[in-house]
Amino acid sequence: MKKTLIMLAIAGTSITSVCAQNSSDFNKTSDKYQVLTNRFKDNWFISVGGGASMLMGNQDVKGSFGDRISPTLNVGVGKWFTPGLGLRLQYSGLKAYGYTPDASNEYVRYQSESMYKQKISYGNLHGDVLFNLNSLFGGYNPDRVYEIIPYVGAGLTHTYSGDKTQAFAVNAGIINRFRLGNALDLNLELSAMGVENKFDKEVGGKKDFDGVVSATLGLTYKFKARGFKKPQAQRQLISEAELANIRSKMGSLASENAKLKQDLAAKPTTVIKEVEKESGVPQIAPRSVFFNIGSSTVSQQELVNLGFLADQMKEFPNLKFKLVGYADAATGTAEKNKALSLKRAQAVVDALATTYGIERSRMTVDAAGGIDKFAKDKVYLNRMVQIEVAK
């Protein structure tokens with residue numbers, strides 16, 4: 001039995017060494033081991049498989065190798081609680097072929113030379129703890145093509161032939177999982193079961209275990225919701241020096257704004273003409289609205305900032321505005337960034353129209369996709385919408 005388990009471990013390790021891992025830029029900004037806790041109804045799966053098995057009892061080595069191979073199947077259901085740890089309840093078994101010198105053994109079907117061949121119909125219901133080594137040591141990656149999953153467990157066997165005996169069993173094995181898609185995996189499972197030797201009614205003077213080794217090929221279907229979510233990377237904090245500079249500029253702008261309001265109240269026609277003469281349009285844009293990584297939701301902070309812009313937009317009802325969305329080129333594909341930047345621009349339009357009553361007909365949107373305009377320590381500035389006066 002020990003030799004069998006060692007052989008299974010070597011087989012699984014060999015496959016790991018020759019199968020390349022699928023590399024992706026999945027959430028480069030996040031800790032690769034960090035995921036959000038999932039709900040109990042998430043990450044459930046069901047699996048089915050079929051293959052061949054071999055009984056390894058006290059006298060079975062005296063039979064021919066080919067005559068000892070029997071069909072087997074397994075059906076299981078389980079759940080992944082983390083990317084690296086899961087539980088499974090599985091029913092496995094079908095037939096087992098063994099040999100005995102005892103003609104009175106209740107499983108004997110016919111004599112083969114000096115031995116008698118046994119045929120045992122059985123099932124094994126067992127619970128297993130699953131360990132995804134790739135996720136445990138390499139971090140969570142939902143696009144990984146191959147993963148190796150050892151497991152250990154225990155259960156109870158029941159024989160459907162003879163006097164229908166129950167026996168305690170321990171289980172161990174290796175699942176070689178190949179990703180076929182978001183919902184479907186292909187599994188090559190190498191397993192071993194150690195069961196009390198009353199299983200084949202061939203004690204042979206020893207109180208040890210009989211063994212059954214199996215190899216099956218099958219499919220696993222993963223129910224929704226599947227996979228794990230990464231926590232959003234937090235926007236980098238602004239330094240005290242930058243914050244002081246911003247506050248200073250805001251104070252200056254507030255003072256200028258107050259003075260302009262006084263001048264407008266006194267001579268509105270003259271002031272408007274002077275501003276238009278200098279720049280052609282009122283200087284109320286460009287403005288920027290920033291977003292969290294992967295998000296197209298306008299935060300409460302940015303919604304407050306849009307309120308100041310909305311007030312100025314209402315002062316100039318004839319002006320039209322162009323909103324251009326951007327994304328961070330360092331994360332995601334060009335296609336995803338294009339779609340995300342468009343969603344961000346539309347989200348700002350919705351906020352201005354819904355919250356502040358700005359007419360949608362005054363605003364047009366465009367999507368620039370991913371950019372890498374800013375340095376690595378300020379990459380979050382690439383995730384924005386730029387608001388400009390339309391020319």
# chains A, B, ... in the order shown; residues from 1 in each chain; ligands from 1
$ residues_around --residues "region 170-176 of chain A" --least-positions-apart "6" --cutoff "10 Å" --atoms "only C-alpha atoms" --output "ChimeraX atom specification"
/A:4-5,8-9,11-13,15-16,124,126-132,146-157,185-196,209,211-217
$ closest_residue --among "A:Lys320, A:Lys343, A:Lys259, A:Lys336" --to "Ile284 (chain A)" --atoms "only C-alpha atoms"
A:Lys320
$ atom_distance --atom1 "CA of Glu335 (chain A)" --atom2 "CA of Gly139 (chain A)"
25.6 Å
$ residues_around --residues "Lys229 (chain A)" --least-positions-apart "6" --cutoff "10 Å" --atoms "only C-alpha atoms" --output "list of chain:residue names"
A:Gln34, A:Val35, A:Leu36, A:Thr37, A:Asn38, A:Tyr140, A:Pro142
$ write_last_selection --atoms "C-alpha atoms" --output "tab-separated table (two decimals), in the first residue's frame"
chain	number	residue	atom	x	y	z
A	34	GLN	CA	-4.99	37.38	-1.47
A	35	VAL	CA	-8.66	36.75	-2.32
A	36	LEU	CA	-11.98	37.76	-0.81
A	37	THR	CA	-13.84	35.24	1.35
A	38	ASN	CA	-16.55	33.61	-0.75
A	140	TYR	CA	-4.48	32.22	-7.29
A	142	PRO	CA	-8.16	31.46	-12.63
$ select_by_dssp --residues "region 41-235 of chain A" --states "strand (DSSP E)" --output "PyMOL selection string"
chain A and resi 44-56+69-82+85-100+108-112+115-131+146-159+166-179+184-196+209-222
$ closest_residue --among "A:Gly93, A:Ser47, A:Gly370, A:Phe137" --to "Ala334 (chain A)" --atoms "only C-alpha atoms"
A:Gly370
$ atom_distance --atom1 "CA of Glu106 (chain A)" --atom2 "CA of Ser161 (chain A)"
8.5 Å
$ select_by_dssp --residues "region 323-366 of chain A" --states "helix (DSSP H, G or I)" --output "list in words"
Ala334, Glu335, Lys336, Asn337, Lys338, Ala339, Leu340, Ser341, Leu342, Lys343, Arg344, Ala345, Gln346, Ala347, Val348, Val349, Asp350, Ala351, Leu352, Ala353, Thr354, Thr355, Tyr356, Arg360, Ser361 and Arg362 of chain A
$ write_last_selection --atoms "N, CA and C atoms" --output "PDB file, in the first residue's frame"
ATOM      1  N   ALA A 334      -6.132  45.345 -24.351  1.00  0.00           N
ATOM      2  CA  ALA A 334      -6.525  46.569 -25.046  1.00  0.00           C
ATOM      3  C   ALA A 334      -8.040  46.616 -25.259  1.00  0.00           C
ATOM      4  N   GLU A 335      -8.630  45.456 -25.564  1.00  0.00           N
ATOM      5  CA  GLU A 335     -10.079  45.408 -25.800  1.00  0.00           C
ATOM      6  C   GLU A 335     -10.847  45.721 -24.518  1.00  0.00           C
ATOM      7  N   LYS A 336     -10.426  45.139 -23.397  1.00  0.00           N
ATOM      8  CA  LYS A 336     -11.113  45.381 -22.126  1.00  0.00           C
ATOM      9  C   LYS A 336     -10.937  46.824 -21.686  1.00  0.00           C
ATOM     10  N   ASN A 337      -9.747  47.386 -21.884  1.00  0.00           N
ATOM     11  CA  ASN A 337      -9.507  48.771 -21.489  1.00  0.00           C
ATOM     12  C   ASN A 337     -10.341  49.744 -22.329  1.00  0.00           C
ATOM     13  N   LYS A 338     -10.526  49.420 -23.608  1.00  0.00           N
ATOM     14  CA  LYS A 338     -11.353  50.264 -24.474  1.00  0.00           C
ATOM     15  C   LYS A 338     -12.789  50.306 -23.961  1.00  0.00           C
ATOM     16  N   ALA A 339     -13.316  49.120 -23.621  1.00  0.00           N
ATOM     17  CA  ALA A 339     -14.691  49.044 -23.119  1.00  0.00           C
ATOM     18  C   ALA A 339     -14.815  49.724 -21.761  1.00  0.00           C
ATOM     19  N   LEU A 340     -13.805  49.535 -20.883  1.00  0.00           N
ATOM     20  CA  LEU A 340     -13.846  50.116 -19.545  1.00  0.00           C
ATOM     21  C   LEU A 340     -13.785  51.646 -19.610  1.00  0.00           C
ATOM     22  N   SER A 341     -12.923  52.182 -20.493  1.00  0.00           N
ATOM     23  CA  SER A 341     -12.817  53.642 -20.589  1.00  0.00           C
ATOM     24  C   SER A 341     -14.122  54.252 -21.087  1.00  0.00           C
ATOM     25  N   LEU A 342     -14.844  53.544 -21.981  1.00  0.00           N
ATOM     26  CA  LEU A 342     -16.130  54.048 -22.457  1.00  0.00           C
ATOM     27  C   LEU A 342     -17.167  54.035 -21.334  1.00  0.00           C
ATOM     28  N   LYS A 343     -17.161  52.966 -20.524  1.00  0.00           N
ATOM     29  CA  LYS A 343     -18.095  52.881 -19.393  1.00  0.00           C
ATOM     30  C   LYS A 343     -17.844  54.007 -18.388  1.00  0.00           C
ATOM     31  N   ARG A 344     -16.570  54.343 -18.181  1.00  0.00           N
ATOM     32  CA  ARG A 344     -16.247  55.408 -17.236  1.00  0.00           C
ATOM     33  C   ARG A 344     -16.765  56.757 -17.728  1.00  0.00           C
ATOM     34  N   ALA A 345     -16.590  57.039 -19.017  1.00  0.00           N
ATOM     35  CA  ALA A 345     -17.097  58.291 -19.561  1.00  0.00           C
ATOM     36  C   ALA A 345     -18.612  58.358 -19.445  1.00  0.00           C
ATOM     37  N   GLN A 346     -19.282  57.263 -19.750  1.00  0.00           N
ATOM     38  CA  GLN A 346     -20.738  57.238 -19.669  1.00  0.00           C
ATOM     39  C   GLN A 346     -21.204  57.377 -18.228  1.00  0.00           C
ATOM     40  N   ALA A 347     -20.427  56.820 -17.272  1.00  0.00           N
ATOM     41  CA  ALA A 347     -20.795  56.917 -15.862  1.00  0.00           C
ATOM     42  C   ALA A 347     -20.761  58.367 -15.379  1.00  0.00           C
ATOM     43  N   VAL A 348     -19.797  59.167 -15.863  1.00  0.00           N
ATOM     44  CA  VAL A 348     -19.722  60.581 -15.487  1.00  0.00           C
ATOM     45  C   VAL A 348     -20.891  61.346 -16.084  1.00  0.00           C
ATOM     46  N   VAL A 349     -21.250  61.026 -17.341  1.00  0.00           N
ATOM     47  CA  VAL A 349     -22.427  61.651 -17.956  1.00  0.00           C
ATOM     48  C   VAL A 349     -23.668  61.361 -17.128  1.00  0.00           C
ATOM     49  N   ASP A 350     -23.836  60.096 -16.729  1.00  0.00           N
ATOM     50  CA  ASP A 350     -24.999  59.709 -15.925  1.00  0.00           C
ATOM     51  C   ASP A 350     -25.024  60.463 -14.603  1.00  0.00           C
ATOM     52  N   ALA A 351     -23.850  60.644 -13.970  1.00  0.00           N
ATOM     53  CA  ALA A 351     -23.784  61.333 -12.684  1.00  0.00           C
ATOM     54  C   ALA A 351     -24.171  62.802 -12.840  1.00  0.00           C
ATOM     55  N   LEU A 352     -23.649  63.472 -13.876  1.00  0.00           N
ATOM     56  CA  LEU A 352     -23.973  64.875 -14.099  1.00  0.00           C
ATOM     57  C   LEU A 352     -25.454  65.067 -14.440  1.00  0.00           C
ATOM     58  N   ALA A 353     -26.009  64.124 -15.217  1.00  0.00           N
ATOM     59  CA  ALA A 353     -27.406  64.253 -15.630  1.00  0.00           C
ATOM     60  C   ALA A 353     -28.366  63.895 -14.492  1.00  0.00           C
ATOM     61  N   THR A 354     -28.080  62.784 -13.806  1.00  0.00           N
ATOM     62  CA  THR A 354     -29.001  62.287 -12.783  1.00  0.00           C
ATOM     63  C   THR A 354     -28.919  63.096 -11.491  1.00  0.00           C
ATOM     64  N   THR A 355     -27.692  63.368 -11.044  1.00  0.00           N
ATOM     65  CA  THR A 355     -27.514  64.030  -9.752  1.00  0.00           C
ATOM     66  C   THR A 355     -27.653  65.549  -9.843  1.00  0.00           C
ATOM     67  N   TYR A 356     -27.141  66.139 -10.935  1.00  0.00           N
ATOM     68  CA  TYR A 356     -27.085  67.595 -11.003  1.00  0.00           C
ATOM     69  C   TYR A 356     -27.957  68.204 -12.102  1.00  0.00           C
ATOM     70  N   ARG A 360     -28.208  65.776 -21.062  1.00  0.00           N
ATOM     71  CA  ARG A 360     -27.320  64.817 -21.738  1.00  0.00           C
ATOM     72  C   ARG A 360     -26.933  65.297 -23.134  1.00  0.00           C
ATOM     73  N   SER A 361     -27.818  66.059 -23.767  1.00  0.00           N
ATOM     74  CA  SER A 361     -27.530  66.525 -25.130  1.00  0.00           C
ATOM     75  C   SER A 361     -26.334  67.471 -25.171  1.00  0.00           C
ATOM     76  N   ARG A 362     -25.919  67.996 -24.022  1.00  0.00           N
ATOM     77  CA  ARG A 362     -24.761  68.894 -23.963  1.00  0.00           C
ATOM     78  C   ARG A 362     -23.445  68.129 -23.852  1.00  0.00           C
TER      79      ARG A 362
END
$ closest_residue --among "A:Lys249, A:Arg287, A:Arg177, A:Lys41" --to "Phe321 (chain A)" --atoms "only C-alpha atoms"
A:Arg287
$ residues_around --residues "Gly57 (chain A)" --least-positions-apart "5" --cutoff "9 Å" --atoms "only C-alpha atoms" --output "PyMOL selection string"
chain A and resi 98-99+197+200+202-203+209-212
$ write_last_selection --atoms "C-alpha atoms" --output "compact mmCIF listing (two decimals), in the first residue's frame"
# COMPACT_ATOMS: atom_id res chain seq x y z
CA GLY A 98 -9.13 -10.92 -6.80
CA TYR A 99 -7.71 -14.40 -6.19
CA ASN A 197 -9.07 -6.99 4.78
CA ASP A 200 -12.31 -9.62 0.14
CA GLU A 202 -9.25 -13.24 2.50
CA VAL A 203 -7.61 -12.53 5.86
CA PHE A 209 -5.46 -3.67 4.76
CA ASP A 210 -6.43 -4.63 1.25
CA GLY A 211 -5.71 -2.04 -1.39
CA VAL A 212 -7.45 -0.83 -4.54
$ decode --residues "region 80-158 of chain A" --atoms "C-alpha atoms" --output "PDB file, in the first residue's frame"
ATOM      1  CA  TRP A  80     -13.623  25.138  -2.779  1.00  0.00           C
ATOM      2  CA  PHE A  81     -13.475  27.289   0.357  1.00  0.00           C
ATOM      3  CA  THR A  82     -10.242  28.980  -0.754  1.00  0.00           C
ATOM      4  CA  PRO A  83      -8.249  28.628  -4.004  1.00  0.00           C
ATOM      5  CA  GLY A  84      -6.015  26.095  -2.245  1.00  0.00           C
ATOM      6  CA  LEU A  85      -8.408  24.178   0.047  1.00  0.00           C
ATOM      7  CA  GLY A  86     -11.613  22.276  -0.728  1.00  0.00           C
ATOM      8  CA  LEU A  87     -13.829  19.418   0.451  1.00  0.00           C
ATOM      9  CA  ARG A  88     -15.428  16.654  -1.598  1.00  0.00           C
ATOM     10  CA  LEU A  89     -17.904  13.810  -1.056  1.00  0.00           C
ATOM     11  CA  GLN A  90     -17.373  11.061  -3.632  1.00  0.00           C
ATOM     12  CA  TYR A  91     -18.878   7.688  -4.455  1.00  0.00           C
ATOM     13  CA  SER A  92     -16.457   5.381  -6.253  1.00  0.00           C
ATOM     14  CA  GLY A  93     -16.147   1.715  -7.129  1.00  0.00           C
ATOM     15  CA  LEU A  94     -17.938  -0.865  -9.303  1.00  0.00           C
ATOM     16  CA  LYS A  95     -16.078  -4.187  -9.600  1.00  0.00           C
ATOM     17  CA  ALA A  96     -12.942  -5.722  -8.090  1.00  0.00           C
ATOM     18  CA  TYR A  97     -11.259  -8.940  -9.251  1.00  0.00           C
ATOM     19  CA  GLY A  98      -9.133 -10.925  -6.803  1.00  0.00           C
ATOM     20  CA  TYR A  99      -7.714 -14.395  -6.187  1.00  0.00           C
ATOM     21  CA  THR A 100      -7.925 -16.847  -3.282  1.00  0.00           C
ATOM     22  CA  PRO A 101      -6.862 -20.451  -2.628  1.00  0.00           C
ATOM     23  CA  ASP A 102     -10.091 -20.962  -0.645  1.00  0.00           C
ATOM     24  CA  ALA A 103     -12.810 -22.524  -2.795  1.00  0.00           C
ATOM     25  CA  SER A 104     -15.420 -21.692  -0.130  1.00  0.00           C
ATOM     26  CA  ASN A 105     -14.815 -17.950  -0.322  1.00  0.00           C
ATOM     27  CA  GLU A 106     -18.206 -16.376  -1.051  1.00  0.00           C
ATOM     28  CA  TYR A 107     -16.818 -14.153  -3.846  1.00  0.00           C
ATOM     29  CA  VAL A 108     -15.336 -17.057  -5.865  1.00  0.00           C
ATOM     30  CA  ARG A 109     -16.624 -17.298  -9.440  1.00  0.00           C
ATOM     31  CA  TYR A 110     -14.395 -19.945 -11.040  1.00  0.00           C
ATOM     32  CA  GLN A 111     -11.067 -21.761 -10.617  1.00  0.00           C
ATOM     33  CA  SER A 112      -7.962 -20.504 -12.424  1.00  0.00           C
ATOM     34  CA  GLU A 113      -5.164 -23.103 -12.162  1.00  0.00           C
ATOM     35  CA  SER A 114      -4.410 -23.512  -8.431  1.00  0.00           C
ATOM     36  CA  MET A 115      -6.296 -20.331  -7.422  1.00  0.00           C
ATOM     37  CA  TYR A 116      -9.938 -19.250  -7.472  1.00  0.00           C
ATOM     38  CA  LYS A 117     -10.928 -15.956  -9.047  1.00  0.00           C
ATOM     39  CA  GLN A 118     -13.085 -13.558  -7.028  1.00  0.00           C
ATOM     40  CA  LYS A 119     -15.559 -11.003  -8.331  1.00  0.00           C
ATOM     41  CA  ILE A 120     -16.629  -8.321  -5.854  1.00  0.00           C
ATOM     42  CA  SER A 121     -19.280  -5.673  -6.538  1.00  0.00           C
ATOM     43  CA  TYR A 122     -18.735  -2.731  -4.211  1.00  0.00           C
ATOM     44  CA  GLY A 123     -19.059   0.977  -3.602  1.00  0.00           C
ATOM     45  CA  ASN A 124     -16.962   3.358  -1.524  1.00  0.00           C
ATOM     46  CA  LEU A 125     -18.502   6.551  -0.109  1.00  0.00           C
ATOM     47  CA  HIS A 126     -15.755   8.815   1.184  1.00  0.00           C
ATOM     48  CA  GLY A 127     -15.101  12.435   2.149  1.00  0.00           C
ATOM     49  CA  ASP A 128     -11.831  14.042   1.017  1.00  0.00           C
ATOM     50  CA  VAL A 129      -9.816  17.150   1.779  1.00  0.00           C
ATOM     51  CA  LEU A 130      -8.428  18.662  -1.454  1.00  0.00           C
ATOM     52  CA  PHE A 131      -5.170  20.649  -1.641  1.00  0.00           C
ATOM     53  CA  ASN A 132      -4.517  22.721  -4.784  1.00  0.00           C
ATOM     54  CA  LEU A 133      -0.712  22.935  -4.698  1.00  0.00           C
ATOM     55  CA  ASN A 134      -0.491  25.452  -7.540  1.00  0.00           C
ATOM     56  CA  SER A 135      -2.677  27.955  -5.671  1.00  0.00           C
ATOM     57  CA  LEU A 136      -1.061  27.232  -2.295  1.00  0.00           C
ATOM     58  CA  PHE A 137       2.472  27.828  -3.566  1.00  0.00           C
ATOM     59  CA  GLY A 138       1.994  29.879  -6.732  1.00  0.00           C
ATOM     60  CA  GLY A 139      -0.976  32.085  -5.866  1.00  0.00           C
ATOM     61  CA  TYR A 140      -4.485  32.217  -7.293  1.00  0.00           C
ATOM     62  CA  ASN A 141      -4.754  32.335 -11.090  1.00  0.00           C
ATOM     63  CA  PRO A 142      -8.157  31.465 -12.633  1.00  0.00           C
ATOM     64  CA  ASP A 143      -6.607  31.088 -16.106  1.00  0.00           C
ATOM     65  CA  ARG A 144      -3.991  28.476 -15.136  1.00  0.00           C
ATOM     66  CA  VAL A 145      -4.147  25.582 -17.637  1.00  0.00           C
ATOM     67  CA  TYR A 146      -2.890  22.782 -15.375  1.00  0.00           C
ATOM     68  CA  GLU A 147      -3.128  22.240 -11.630  1.00  0.00           C
ATOM     69  CA  ILE A 148      -2.168  19.330  -9.373  1.00  0.00           C
ATOM     70  CA  ILE A 149      -4.506  18.535  -6.478  1.00  0.00           C
ATOM     71  CA  PRO A 150      -3.552  15.855  -3.917  1.00  0.00           C
ATOM     72  CA  TYR A 151      -6.232  14.707  -1.481  1.00  0.00           C
ATOM     73  CA  VAL A 152      -6.714  12.502   1.578  1.00  0.00           C
ATOM     74  CA  GLY A 153      -9.920  11.199   3.103  1.00  0.00           C
ATOM     75  CA  ALA A 154     -11.820   8.364   4.738  1.00  0.00           C
ATOM     76  CA  GLY A 155     -15.076   6.554   4.200  1.00  0.00           C
ATOM     77  CA  LEU A 156     -16.967   3.274   4.205  1.00  0.00           C
ATOM     78  CA  THR A 157     -17.114   0.494   1.614  1.00  0.00           C
ATOM     79  CA  HIS A 158     -20.170  -1.665   1.006  1.00  0.00           C
TER      80      HIS A 158
END
